[in-house]
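Colleague: Sending over a structure as structure tokens; questions will come in a sec.
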Amino acid sequence: MSVPTVTEAGPARAAKPPGPTTVRSRRVDRTYYLMLLPALLLFTVFITLTGLVGMFYSLTNYAGFGDWKFIGLRNYTSMFSDPRILESYWFTIWFAVLTTVVVNAVALLLALGLNGRIKWKTGLRGIYFIPMVLSGIVIAYVFNYLFSNAIPQIATQLGWAGGETSILANENWAWLAIVIVTAWQAIPGAVIIYLAGLMAIPTETYEAAQLDGAGAWRRFRSITFPLLFGYVIINTILGFKGFLNAYDIIVGLTGGGPGTSTMSVAMTIFGGLNGGEYAFQMANAVIFFVFTVLVSLLQLLFVRNREVNLS
């Protein structure tokens, strides 16, 4: 019987059986394409195609009916000299900024309370989340009645002269009612995100901080808020983008009034479409779309730079 020899190159290796080598290509099942096709078709028809049609008409003098002709960029240049358009942008931007700050501040406080060791925590969470499932226009009409009837009547009985007139009829304070109602509806969604972040923080971190003698404020400042900062960014981005499109609550509360003091960009666009300014408001919609995209890109750039600095 022969014994296998060991050469200088090493022990002898068993030869692989001859045969063709096959490389399996990764193919996507057709079912995925069939599931994707309806959503892609609907998005293309109702979003992309309509957006392109709107951009086309923004270069014309189309009034929504009748004939039209190309006028180039005249609608775009006219926007910057229209005080009504400029005021709507100013109101929308500072309203979105203010409401974002209010929503995040109140939502964070509520999340801290609902995450603590309190009684009926589950029931209170359910109560706080009710505004999130209600329609914005329904909420606006309910608060419209409260601001216009209930609160003035209570103020009259209490002898408070400043509250006898509805805040919605005051040109200087109507915005406050819009901020209150918008925040009331948006806070529950932000609370959910903050609760998810709070439950993700290990309890051992707080126990170690307590052993070191850190108080409640020091624990919040050094542990809770830094670990929740990513969730703050999420709520800020989602909230600010949503508040830029404010429409239904303003319609139900003030209708853009008194005068045009609470007209948002979305209200200006929709109002002009039915008022013979179709092409002009299409140009306004295009500018607003570009503005929203730029804001989103700046927010994403901020988040990316922060992740790079942390890594």
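Chain labels follow the order of the structure tokens: the first chain is A, the next B, and so on; residue numbering restarts at 1 in every chain, and ligands are counted from 1 in their shown order.
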Do you have, as a Markdown table, the list of residues of segment 253-287 of chain A lying at most 12 Å from segment 143-166 of chain A, each with its nearest atom pair and that distance in Å to one decimal, counting only C-alpha atoms and ordered by chain then number?

Modeller:
| residue | atom | partner | partner_atom | distance |
| --- | --- | --- | --- | --- |
| A:Leu253 | CA | A:Asn144 | CA | 5.2 |
| A:Thr254 | CA | A:Asn144 | CA | 8.1 |
| A:Gly255 | CA | A:Asn144 | CA | 10.7 |
| A:Pro258 | CA | A:Ser166 | CA | 11.4 |

Colleague: Taking the DSSP secondary structure from the backbone, can you list the residues of segment 42-112 of chain A that are alpha helix (DSSP H), as JSON, numbers by chain?

Modeller: {"A": [42, 43, 49, 50, 51, 52, 53, 54, 55, 56, 57, 74, 75, 76, 77, 78, 79, 83, 84, 85, 86, 87, 88, 89, 90, 91, 92, 93, 94, 95, 96, 97, 98, 99, 100, 101, 102, 103, 104, 105, 106, 107, 108, 109, 110, 111, 112]}

Colleague: Contacts of Thr224 of chain A at 9 Å or less, counting only C-alpha atoms, minus same-chain residues fewer than 6 places along, as number ranges by chain?

Modeller: A: 198, 201, 206

Colleague: From the set A:Ala285, A:Leu297, A:Val232, A:Ile193, which residue has the shortest atom-to-atom contact distance to Thr100 of chain A, counting only C-alpha atoms?

Modeller: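 Nearest candidate to Thr100 of chain A out of A:Ala285, A:Leu297, A:Val232, A:Ile193: A:Val232.
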
Colleague: Ile130 of chain A: which residues within 12 Å, counting only C-alpha atoms, same-chain residues fewer than 6 positions away excluded, as an MDAnalysis selection string?

Modeller: chainID A and resid 123:124 139 184:189

Colleague: From segment 6-112 of chain A, collect each residue whose DSSP state is strand (DSSP E or B) and return the set as a list in words.

Modeller: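 Matching residues for strand (DSSP E or B) in segment 6-112 of chain A are Thr7, Gly10, Thr60 and Phe70 of chain A.
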
Colleague: Can you write out the residues you just picked, keeping N, CA and C atoms, as a PDB file, in the first residue's frame?

Modeller:
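The result, stored in part.pdb:
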ATOM      1  N   THR A   7       5.523  16.843   0.383  1.00  0.00           N
ATOM      2  CA  THR A   7       6.544  17.590  -0.336  1.00  0.00           C
ATOM      3  C   THR A   7       6.907  18.842   0.432  1.00  0.00           C
ATOM      4  N   GLY A  10       4.159  21.365   1.021  1.00  0.00           N
ATOM      5  CA  GLY A  10       3.138  21.085   2.008  1.00  0.00           C
ATOM      6  C   GLY A  10       2.479  19.765   1.725  1.00  0.00           C
ATOM      7  N   THR A  60     -47.659  80.925 -18.208  1.00  0.00           N
ATOM      8  CA  THR A  60     -48.716  81.459 -19.064  1.00  0.00           C
ATOM      9  C   THR A  60     -49.547  82.462 -18.281  1.00  0.00           C
ATOM     10  N   PHE A  70     -48.305  82.226 -23.626  1.00  0.00           N
ATOM     11  CA  PHE A  70     -47.065  82.254 -22.862  1.00  0.00           C
ATOM     12  C   PHE A  70     -46.670  83.696 -22.545  1.00  0.00           C
TER      13      PHE A  70
END

Colleague: At most 10 Å is the cut-off: for each residue in segment 150-255 of chain A with any atom that close to an atom of segment 89-99 of chain A, write down the nearest atom pair and the distance in Å rounded to one decimal, counting only C-alpha atoms, chain first then increasing number, as a tab-separated table.

Modeller:
residue	atom	partner	partner_atom	distance
A:Trp175	CA	A:Phe95	CA	7.9
A:Leu176	CA	A:Phe95	CA	9.4
A:Ile178	CA	A:Phe95	CA	8.8
A:Val179	CA	A:Thr99	CA	5.8
A:Ile180	CA	A:Thr99	CA	8.3
A:Val181	CA	A:Thr99	CA	9.9
A:Thr182	CA	A:Thr99	CA	7.5
A:Ala183	CA	A:Thr99	CA	6.3
A:Ala186	CA	A:Thr99	CA	9.3
A:Thr236	CA	A:Val97	CA	9.3
A:Gly239	CA	A:Ala96	CA	8.0
A:Phe240	CA	A:Ala96	CA	5.6
A:Lys241	CA	A:Ala96	CA	8.0
A:Gly242	CA	A:Ala96	CA	8.2
A:Phe243	CA	A:Ala96	CA	4.9
A:Leu244	CA	A:Ala96	CA	5.7
A:Asn245	CA	A:Thr92	CA	8.2
A:Ala246	CA	A:Thr92	CA	7.7

Colleague: My list of candidates is A:Thr292, A:Asn104, A:Thr44, A:Thr268. Which is closest to Gly256 of chain A when distances are computed with only C-alpha atoms?

Modeller: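 The answer is A:Thr268, which sits nearest to Gly256 of chain A.
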
Colleague: Compare A:Val251, A:Leu37, A:Met282, A:Ile192 by their minimum atom-to-atom distance to Tyr128 of chain A, counting only C-alpha atoms, and give me the closest one.

Modeller: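 Of all the options, A:Ile192 lies closest to Tyr128 of chain A.
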
Colleague: With only C-alpha atoms as the basis for distance, which of A:Ala63, A:Ala208, A:Leu36, A:Ala190 is at the shortest distance from Gly275 of chain A?

Modeller: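 With only C-alpha atoms as the atom set, the closest residue is A:Ala63.
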
Colleague: Which residue gives the smallest distance to Gly257 of chain A among A:Ser88, A:Asn305, A:Thr31, A:Thr205, with only C-alpha atoms counted?

Modeller: A:Ser88

Colleague: Give the answer as one residue: which of A:Phe229, A:Phe270, A:Tyr278, A:Phe46 has the shortest atom-to-atom distance to Leu108 of chain A, using only C-alpha atoms?

Modeller: A:Phe229

Colleague: Please provide as a ChimeraX atom specification all residues within 12 Å of Arg219 of chain A, with the sequence filter that same-chain residues fewer than 5 positions apart are discarded (counting only C-alpha atoms).

Modeller: /A:203,205-214,224-227

Colleague: Enter the distance from atom CA of Leu114 of chain A to atom CA of Ala200 of chain A, in Å, rounded to one decimal.

Modeller: 14.5 Å
